[in-house]
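structure-v3.cif follows; it contains mmCIF, C-alpha atoms.
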data_input
#
loop_
_atom_site.label_atom_id
_atom_site.label_comp_id
_atom_site.auth_asym_id
_atom_site.auth_seq_id
_atom_site.Cartn_x
_atom_site.Cartn_y
_atom_site.Cartn_z
CA MET A 133 100.37 140.65 16.49
CA THR A 134 103.02 140.79 19.21
CA LYS A 135 102.94 143.80 21.54
CA CYS A 136 105.63 142.84 24.04
CA VAL A 137 108.34 140.19 23.76
CA SER A 138 110.77 138.19 25.87
CA ILE A 139 113.86 137.07 23.95
CA LEU A 140 115.65 134.01 25.29
CA GLY A 141 119.16 134.16 23.84
CA SER A 142 119.24 137.85 22.91
CA THR A 143 123.01 138.11 22.38
CA GLY A 144 123.17 135.26 19.84
CA SER A 145 122.61 135.53 16.11
CA ILE A 146 118.83 135.02 16.14
CA GLY A 147 118.42 137.17 19.26
CA ARG A 148 120.31 140.09 17.74
CA GLN A 149 118.33 139.88 14.51
CA THR A 150 115.10 139.73 16.51
CA LEU A 151 116.03 142.99 18.20
CA GLU A 152 116.71 144.53 14.77
CA VAL A 153 113.16 143.58 13.77
CA VAL A 154 111.71 144.82 17.07
CA GLU A 155 113.24 148.25 16.40
CA GLN A 156 111.15 148.48 13.22
CA LEU A 157 107.87 147.42 14.87
CA PRO A 158 105.67 148.81 17.64
CA VAL A 159 106.90 146.07 19.98
CA ARG A 160 108.28 146.51 23.51
CA VAL A 161 110.87 144.29 25.20
CA ALA A 162 109.95 142.74 28.55
CA ALA A 163 112.96 140.49 29.13
CA LEU A 164 116.31 139.55 27.62
CA THR A 165 118.47 136.54 28.47
CA ALA A 166 122.04 135.66 27.54
CA GLY A 167 124.88 133.29 28.33
CA GLY A 168 128.11 135.04 29.28
CA ASN A 169 128.39 138.02 26.93
CA VAL A 170 128.01 140.74 29.56
CA ALA A 171 129.18 143.60 27.34
CA ARG A 172 126.63 142.89 24.61
CA MET A 173 123.84 142.33 27.12
CA ALA A 174 124.64 145.63 28.85
CA GLU A 175 124.47 147.39 25.49
CA GLN A 176 121.11 145.78 24.70
CA CYS A 177 119.73 146.69 28.14
CA ARG A 178 120.69 150.34 27.73
CA LYS A 179 119.04 150.47 24.32
CA PHE A 180 115.84 148.44 24.86
CA ARG A 181 115.26 148.96 28.61
CA PRO A 182 113.82 145.53 29.49
CA GLU A 183 112.26 145.00 32.89
CA LEU A 184 114.27 141.79 33.36
CA ALA A 185 117.75 140.73 32.22
CA VAL A 186 119.12 137.22 32.78
CA MET A 187 122.67 135.84 32.57
CA ALA A 188 123.73 132.21 32.68
CA THR A 189 125.72 132.42 35.94
CA PRO A 190 125.57 134.47 39.16
CA GLU A 191 129.04 135.84 38.36
CA ALA A 192 127.92 137.12 34.95
CA ALA A 193 124.76 138.57 36.51
CA GLN A 194 126.85 140.51 39.02
CA GLN A 195 129.08 141.81 36.24
CA LEU A 196 125.95 143.00 34.44
CA ARG A 197 124.73 144.79 37.59
CA ASP A 198 128.10 146.52 37.86
CA ALA A 199 128.00 147.49 34.18
CA LEU A 200 124.46 148.91 34.35
CA GLY A 201 124.90 150.78 37.61
CA ASN A 202 121.68 152.27 38.97
CA GLN A 203 119.39 151.40 36.07
CA SER A 204 116.11 149.91 37.28
CA ILE A 205 116.41 146.54 35.57
CA ARG A 206 115.86 143.35 37.55
CA ILE A 207 118.79 140.97 36.99
CA LEU A 208 118.63 137.20 37.56
CA SER A 209 120.71 134.19 36.56
CA GLY A 210 120.45 130.53 35.56
CA MET A 211 117.30 128.49 34.97
CA GLU A 212 115.39 130.54 37.55
CA GLY A 213 115.99 133.61 35.42
CA LEU A 214 115.14 131.86 32.15
CA LEU A 215 111.83 130.69 33.57
CA ALA A 216 111.06 134.18 34.89
CA ALA A 217 111.73 135.64 31.43
CA ALA A 218 109.58 132.99 29.74
CA GLU A 219 106.70 133.61 32.15
CA HIS A 220 106.98 137.42 32.25
CA GLU A 221 103.47 138.79 32.67
CA ARG A 222 103.92 141.64 30.18
CA ALA A 223 105.27 139.47 27.35
CA ASP A 224 102.68 138.03 24.98
CA THR A 225 105.39 136.41 22.80
CA VAL A 226 108.51 134.49 23.80
CA VAL A 227 111.29 134.09 21.24
CA THR A 228 113.19 130.92 22.16
CA ALA A 229 116.61 131.45 20.59
CA VAL A 230 118.80 129.68 23.15
CA VAL A 231 120.88 126.76 21.89
CA GLY A 232 120.31 123.19 22.99
CA MET A 233 118.23 121.47 25.66
CA LEU A 234 118.43 124.65 27.74
CA GLY A 235 115.37 125.88 25.87
CA LEU A 236 113.03 123.02 26.79
CA LYS A 237 111.86 124.00 30.29
CA PRO A 238 111.43 127.73 29.50
CA THR A 239 109.42 126.87 26.37
CA LEU A 240 107.09 124.62 28.36
CA ALA A 241 106.78 127.35 31.01
CA ALA A 242 105.80 129.93 28.38
CA ILE A 243 103.27 127.53 26.86
CA ARG A 244 101.61 127.07 30.25
CA LYS A 245 101.22 130.86 30.41
CA LYS A 246 99.54 130.75 26.96
CA LYS A 247 102.25 132.83 25.27
CA ARG A 248 102.94 132.81 21.56
CA ILE A 249 106.14 130.83 21.04
CA ALA A 250 108.37 132.14 18.24
CA LEU A 251 110.37 128.93 18.07
CA ALA A 252 114.02 129.09 17.02
CA ASN A 253 115.24 126.32 19.34
CA LYS A 254 115.29 123.01 17.46
CA GLU A 255 116.07 120.80 20.43
CA THR A 256 112.76 121.58 22.15
CA LEU A 257 110.74 119.68 19.53
CA VAL A 258 113.45 117.19 18.63
CA CYS A 259 113.74 115.89 22.18
CA ALA A 260 110.26 116.44 23.56
CA GLY A 261 108.04 117.18 20.58
CA SER A 262 105.09 115.09 21.77
CA LEU A 263 105.10 116.71 25.22
CA VAL A 264 105.50 120.23 23.83
CA MET A 265 102.78 119.94 21.18
CA GLN A 266 100.40 118.30 23.66
CA ALA A 267 101.00 121.17 26.10
CA ALA A 268 100.44 123.75 23.35
CA ARG A 269 97.08 122.16 22.51
CA GLU A 270 96.10 121.88 26.16
CA TYR A 271 96.90 125.52 27.03
CA GLY A 272 96.00 127.07 23.68
CA ALA A 273 99.49 128.44 23.00
CA GLU A 274 100.56 129.31 19.44
CA ILE A 275 103.85 127.92 18.16
CA ILE A 276 105.14 129.85 15.14
CA PRO A 277 108.44 128.59 13.69
CA VAL A 278 111.32 130.99 13.14
CA ASP A 279 113.65 128.62 11.24
CA SER A 280 113.51 129.64 7.58
CA GLU A 281 112.56 126.13 6.42
CA HIS A 282 109.73 125.66 8.90
CA SER A 283 108.51 129.20 8.39
CA ALA A 284 108.35 128.40 4.67
CA ILE A 285 106.23 125.30 5.28
CA PHE A 286 104.06 127.23 7.74
CA GLN A 287 103.40 129.83 5.04
CA CYS A 288 102.74 127.23 2.33
CA LEU A 289 100.15 125.56 4.59
CA MET A 290 98.28 128.76 5.50
CA GLY A 291 95.55 127.94 2.99
CA CYS A 292 95.52 124.18 3.52
CA ARG A 293 92.08 123.10 4.74
CA ASP A 294 92.95 119.49 5.51
CA LYS A 295 96.39 117.99 6.14
CA ARG A 296 95.22 114.83 4.35
CA GLU A 297 95.70 116.89 1.18
CA ILE A 298 99.47 116.88 1.82
CA ARG A 299 101.63 114.32 0.05
CA ARG A 300 105.05 115.53 1.24
CA LEU A 301 106.82 118.27 3.14
CA ILE A 302 110.10 119.00 1.37
CA LEU A 303 112.80 120.72 3.41
CA THR A 304 115.53 122.43 1.42
CA CYS A 305 119.16 122.29 2.51
CA SER A 306 122.08 124.37 1.28
CA GLY A 307 124.43 121.39 1.62
CA GLY A 308 126.75 123.44 3.82
CA PRO A 309 130.41 124.09 3.07
CA PHE A 310 131.20 120.48 2.06
CA PHE A 311 128.65 119.78 -0.67
CA GLY A 312 130.08 117.38 -3.24
CA LYS A 313 133.01 116.23 -1.12
CA THR A 314 133.78 112.53 -0.71
CA PRO A 315 134.25 110.74 2.63
CA GLU A 316 138.00 110.62 1.96
CA GLU A 317 138.12 114.40 1.53
CA LEU A 318 136.02 114.98 4.64
CA ARG A 319 138.17 112.92 7.00
CA THR A 320 140.70 115.72 7.32
CA VAL A 321 138.47 118.83 7.35
CA THR A 322 138.88 121.18 10.31
CA LYS A 323 136.62 123.23 12.53
CA ASN A 324 137.52 126.35 10.55
CA ASP A 325 136.58 124.64 7.29
CA ALA A 326 133.23 123.57 8.73
CA LEU A 327 132.39 127.07 9.97
CA LYS A 328 132.50 128.57 6.45
CA HIS A 329 128.82 128.32 5.57
CA PRO A 330 128.20 129.52 2.01
CA ASN A 331 124.89 131.36 2.57
CA TRP A 332 124.05 132.04 6.23
CA LYS A 333 125.76 133.70 9.19
CA MET A 334 124.85 131.70 12.29
CA GLY A 335 126.19 130.53 15.63
CA HIS A 336 128.99 127.96 15.72
CA LYS A 337 126.92 124.98 16.85
CA ILE A 338 124.24 125.28 14.17
CA THR A 339 126.89 125.97 11.53
CA ILE A 340 128.65 122.70 12.35
CA ASP A 341 125.29 120.92 12.26
CA CYS A 342 124.80 122.35 8.76
CA ALA A 343 128.21 121.00 7.74
CA THR A 344 127.34 117.47 8.94
CA LEU A 345 123.69 117.76 7.72
CA MET A 346 122.55 116.93 11.26
CA ASN A 347 120.74 120.27 11.20
CA LYS A 348 118.50 118.98 8.44
CA GLY A 349 117.91 115.76 10.36
CA LEU A 350 116.77 117.78 13.36
CA GLU A 351 114.45 119.78 11.11
CA VAL A 352 112.89 116.57 9.77
CA ILE A 353 111.96 115.60 13.34
CA GLU A 354 110.69 119.12 14.05
CA ALA A 355 108.47 119.00 10.95
CA MET A 356 106.92 115.72 12.09
CA HIS A 357 105.83 117.33 15.36
CA LEU A 358 104.92 120.81 14.09
CA TYR A 359 102.70 119.54 11.30
CA GLY A 360 101.66 116.11 12.60
CA MET A 361 103.25 114.27 9.68
CA PRO A 362 104.81 110.77 9.60
CA LEU A 363 108.50 110.41 8.79
CA SER A 364 107.66 108.91 5.39
CA GLN A 365 106.10 112.22 4.30
CA VAL A 366 109.05 114.47 5.18
CA ASP A 367 111.85 114.69 2.61
CA VAL A 368 115.04 116.70 2.12
CA VAL A 369 116.58 118.12 -1.06
CA ILE A 370 119.85 120.00 -1.49
CA HIS A 371 119.27 123.51 -2.82
CA ARG A 372 122.57 125.36 -2.92
CA GLN A 373 121.20 128.85 -3.49
CA SER A 374 119.01 129.02 -0.32
CA ILE A 375 116.33 130.89 -2.27
CA VAL A 376 113.58 128.25 -2.06
CA HIS A 377 113.25 127.83 1.68
CA SER A 378 111.01 124.74 1.55
CA LEU A 379 108.08 123.26 -0.35
CA VAL A 380 104.82 121.40 0.18
CA GLU A 381 103.62 118.82 -2.34
CA PHE A 382 99.87 118.12 -2.36
CA ARG A 383 98.11 114.90 -3.30
CA ASP A 384 97.03 116.31 -6.67
CA GLY A 385 100.68 116.84 -7.63
CA ALA A 386 100.70 120.62 -7.12
CA MET A 387 103.61 122.12 -5.19
CA LEU A 388 103.82 125.35 -3.22
CA ALA A 389 107.20 126.87 -2.41
CA GLN A 390 108.23 129.90 -0.38
CA LEU A 391 111.07 131.92 -1.92
CA GLY A 392 113.09 134.80 -0.55
CA VAL A 393 116.53 136.15 0.14
CA PRO A 394 118.48 134.21 2.81
CA ASP A 395 117.70 136.65 5.63
CA MET A 396 116.49 135.35 9.01
CA ARG A 397 114.81 138.67 9.77
CA VAL A 398 112.04 137.73 7.32
CA PRO A 399 110.75 134.66 9.24
CA ILE A 400 111.41 136.43 12.56
CA ARG A 401 109.22 139.34 11.45
CA LEU A 402 106.41 137.00 10.41
CA ALA A 403 106.56 135.12 13.73
CA LEU A 404 106.09 138.44 15.57
CA THR A 405 103.42 139.96 13.32
CA TYR A 406 101.36 136.91 12.26
CA PRO A 407 98.64 136.80 11.00
CA ALA A 408 99.54 140.19 9.50
CA ARG A 409 102.49 140.85 7.23
CA GLN A 410 104.21 144.13 8.05
CA THR A 411 106.26 146.11 5.52
CA ASN A 412 109.91 145.05 5.45
CA PRO A 413 112.35 147.89 4.71
CA ALA A 414 115.02 145.44 3.51
CA ALA A 415 115.39 144.62 -0.18
CA GLY A 416 113.42 141.60 -1.37
CA LEU A 417 114.28 138.85 -3.82
CA ASP A 418 115.13 139.94 -7.37
CA LEU A 419 114.22 136.98 -9.60
CA LEU A 420 116.14 138.47 -12.52
CA SER A 421 119.45 138.44 -10.68
CA CYS A 422 119.25 135.45 -8.32
CA GLY A 423 120.55 133.03 -10.94
CA PRO A 424 119.52 129.44 -11.73
CA LEU A 425 117.96 127.35 -8.94
CA THR A 426 119.24 123.78 -8.58
CA PHE A 427 118.19 120.73 -6.56
CA ASP A 428 120.14 117.58 -5.62
CA ARG A 429 119.81 114.52 -3.41
CA PRO A 430 121.69 114.42 -0.08
CA ASP A 431 124.70 112.08 -0.08
CA PRO A 432 124.16 109.54 2.75
CA GLU A 433 127.70 108.17 2.49
CA SER A 434 129.43 111.52 2.96
CA PHE A 435 126.89 112.84 5.48
CA PRO A 436 125.63 110.00 7.72
CA CYS A 437 124.13 112.33 10.37
CA LEU A 438 120.97 112.86 8.34
CA ALA A 439 120.33 109.11 8.29
CA LEU A 440 121.03 108.88 12.04
CA ALA A 441 118.40 111.53 12.73
CA ARG A 442 115.85 109.74 10.56
CA GLU A 443 116.65 106.48 12.34
CA ALA A 444 116.10 108.16 15.71
CA ALA A 445 112.74 109.47 14.49
CA GLU A 446 111.79 105.98 13.31
CA ARG A 447 112.68 104.42 16.68
CA GLY A 448 110.83 107.09 18.65
CA GLY A 449 110.72 107.08 22.45
CA ASN A 450 113.76 108.72 23.99
CA THR A 451 116.01 108.03 20.97
CA CYS A 452 115.73 111.56 19.57
CA ALA A 453 116.79 112.99 22.94
CA VAL A 454 119.75 110.59 23.02
CA MET A 455 120.73 111.43 19.45
CA ASN A 456 120.47 115.16 20.07
CA GLY A 457 122.38 115.10 23.38
CA ALA A 458 125.17 113.04 21.86
CA ASN A 459 125.38 115.39 18.88
CA GLU A 460 125.57 118.48 21.10
CA ALA A 461 128.39 116.91 23.12
CA ALA A 462 130.26 115.73 20.03
CA VAL A 463 129.95 119.08 18.25
CA ALA A 464 131.30 120.83 21.36
CA LEU A 465 134.33 118.53 21.25
CA PHE A 466 134.79 119.15 17.52
CA LEU A 467 134.72 122.90 18.15
CA GLN A 468 137.47 122.38 20.73
CA ASP A 469 139.57 120.49 18.13
CA ALA A 470 139.34 117.41 20.38
CA ILE A 471 137.82 115.10 17.74
CA GLY A 472 137.58 114.85 13.96
CA PHE A 473 134.66 115.54 11.62
CA TYR A 474 133.58 111.91 11.29
CA ASP A 475 133.90 111.34 15.03
CA VAL A 476 130.65 113.31 15.38
CA PRO A 477 128.41 110.69 13.67
CA ARG A 478 130.50 107.87 15.19
CA LEU A 479 129.86 109.14 18.72
CA VAL A 480 126.17 109.77 18.03
CA ARG A 481 125.85 106.21 16.73
CA ARG A 482 127.55 104.86 19.84
CA ALA A 483 125.20 106.74 22.19
CA MET A 484 122.11 105.63 20.26
CA ASP A 485 123.29 102.02 20.60
CA THR A 486 124.21 102.14 24.30
CA VAL A 487 121.78 104.43 26.16
CA PRO A 488 118.74 102.39 27.34
CA PHE A 489 115.54 102.82 25.34
CA ALA A 490 112.39 104.32 26.89
CA ALA A 491 109.24 103.99 24.79
CA GLN A 492 107.10 106.77 26.33
CA PRO A 493 109.41 109.09 28.25
CA GLU A 494 108.14 111.85 30.51
CA LEU A 495 110.08 115.11 30.89
CA GLU A 496 112.51 113.84 33.54
CA GLU A 497 113.29 110.73 31.48
CA ILE A 498 114.00 112.93 28.46
CA LEU A 499 116.37 115.07 30.51
CA SER A 500 118.12 112.01 31.97
CA SER A 501 118.44 110.46 28.49
CA ASP A 502 120.07 113.65 27.29
CA ALA A 503 122.52 113.55 30.20
CA ALA A 504 123.27 109.86 29.61
CA ALA A 505 124.00 110.51 25.94
CA ARG A 506 126.44 113.30 26.79
CA SER A 507 128.18 111.03 29.31
CA ALA A 508 128.41 108.27 26.70
CA VAL A 509 130.16 110.63 24.31
CA LEU A 510 132.63 111.91 26.91
CA ASN A 511 133.36 108.38 28.15
CA ALA A 512 133.98 107.18 24.59
CA VAL A 513 136.44 110.02 23.98
#
For the structure just supplied, provide its representation as structure tokens.
Amino acid sequence: MTKCVSILGSTGSIGRQTLEVVEQLPVRVAALTAGGNVARMAEQCRKFRPELAVMATPEAAQQLRDALGNQSIRILSGMEGLLAAAEHERADTVVTAVVGMLGLKPTLAAIRKKKRIALANKETLVCAGSLVMQAAREYGAEIIPVDSEHSAIFQCLMGCRDKREIRRLILTCSGGPFFGKTPEELRTVTKNDALKHPNWKMGHKITIDCATLMNKGLEVIEAMHLYGMPLSQVDVVIHRQSIVHSLVEFRDGAMLAQLGVPDMRVPIRLALTYPARQTNPAAGLDLLSCGPLTFDRPDPESFPCLALAREAAERGGNTCAVMNGANEAAVALFLQDAIGFYDVPRLVRRAMDTVPFAAQPELEEILSSDAAARSAVLNAV
């Protein structure tokens, strides 16, 4: 069980919920990192008294120093600070809750220090899954998923003696705010429409990814790396209620599913306390009031991003890094009202077709592929 934690991305949705869980456990906070939200970071520092606090820029770091006054908290900025938080000697667990490729280097740094990784950053495994999993094996670092879907599969596989017994991993997907809509209806949807997720409260980027179903495509790639499964054995079903968080089908036809209320604090708690399960003061799932549970197929015509992610996984090499980088850039433009909803998959497709392929990329090639994909999107716009 975790005794001391570093939280990368403490002011975001997952970071804040992690701190809520930490308050209920005998867990200390070694380090907190954030982007530019100085006020929230100052509040967290006063409450949790970390040894290290990190902001994205030197300017934000100075603002934090001014806000905290004479408190004895070391304050750093940028990648140097992120790496220091990930490697903090007192932290036995690192929660990686930063968004995007920013999480890759700190995650690898924490792995090399043999930390437990409570993984909430999809891009780390999507872009460099082979490198990350190889490093985890080499250094003996645990990777425990925080995403509700991957936590569900992790729990369903706790008693699995041999992964050859697995027929399929089945990721559930709420369908986002646009379930059932046709391509014609989706051409005119806005950023505000896309941010109205029916079941979860999350950051803007992941919420848009849920609306396009790219989020589920990223999770397919994550599952391949986390559980060593081929693409052909990872499926997706639409489950509007977000009660069944994912399932595992075994070769004898039996299925195991993990059910629960849609509350990210549940998988966060497990990632911190594993292999134990600590008492959760929040209300659990009431089967008598949760209503009927339904399952549907994803619509590839209305939501092409899922197919693009599967295609990237099939190609391998640097294609997943290209796909992910292009998606991050396109989603940022969509959030700025600079492009339309279907421009996101169009720009991802363009980057996948134009950025040169590398069959066995090392870390620097992955980072350069990400940068090239972002440039391809901006140049196209």
TODO: Have a look at atom CA of Thr189 of chain A and atom CA of Ala505 of chain A and let me know their distance in Å, one decimal.
DONE: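 Straight-line distance from atom CA of Thr189 of chain A to atom CA of Ala505 of chain A works out to 24.1 Å.
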Open item on the list: I'd like the contact shell of Glu354 of chain A - 9 Å cut-off, all atoms listed in the file, skipping same-chain residues fewer than 4 positions apart - returned as number ranges by chain.
Closed with: A: 254-258, 261, 282, 349-350, 358-359
What does the file look like for those residues with C-alpha atoms, as a PDB file, in the frame of the given file?
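Printed below is again.pdb as written:
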ATOM      1  CA  LYS A 254     115.290 123.010  17.460  1.00  0.00           C
ATOM      2  CA  GLU A 255     116.070 120.800  20.430  1.00  0.00           C
ATOM      3  CA  THR A 256     112.760 121.580  22.150  1.00  0.00           C
ATOM      4  CA  LEU A 257     110.740 119.680  19.530  1.00  0.00           C
ATOM      5  CA  VAL A 258     113.450 117.190  18.630  1.00  0.00           C
ATOM      6  CA  GLY A 261     108.040 117.180  20.580  1.00  0.00           C
ATOM      7  CA  HIS A 282     109.730 125.660   8.900  1.00  0.00           C
ATOM      8  CA  GLY A 349     117.910 115.760  10.360  1.00  0.00           C
ATOM      9  CA  LEU A 350     116.770 117.780  13.360  1.00  0.00           C
ATOM     10  CA  LEU A 358     104.920 120.810  14.090  1.00  0.00           C
ATOM     11  CA  TYR A 359     102.700 119.540  11.300  1.00  0.00           C
TER      12      TYR A 359
END
Task: Long-range neighbours of Leu140 of chain A as a list in words, 7 Å cut-off, only C-alpha atoms, 5 positions minimum in chain - done: Leu164, Thr165, Ala166, Val227, Thr228, Ala229 and Val230 of chain A
- [ ] Mind giving me the straight-line distance from atom CA of Val454 of chain A to atom CA of Thr344 of chain A in Å, one decimal?
- [x] 17.4 Å
Task: Computed interatomic separation between atom CA of Thr426 of chain A and atom CA of Cys305 of chain A (Å) - done: 11.2 Å
Task: Shell around Leu151 of chain A at 10 Å using all atoms listed in the file, local window under 4 positions removed, as a ChimeraX atom specification - done: /A:137,139,142-143,146-147,155-157,159,161,176,180,397,400
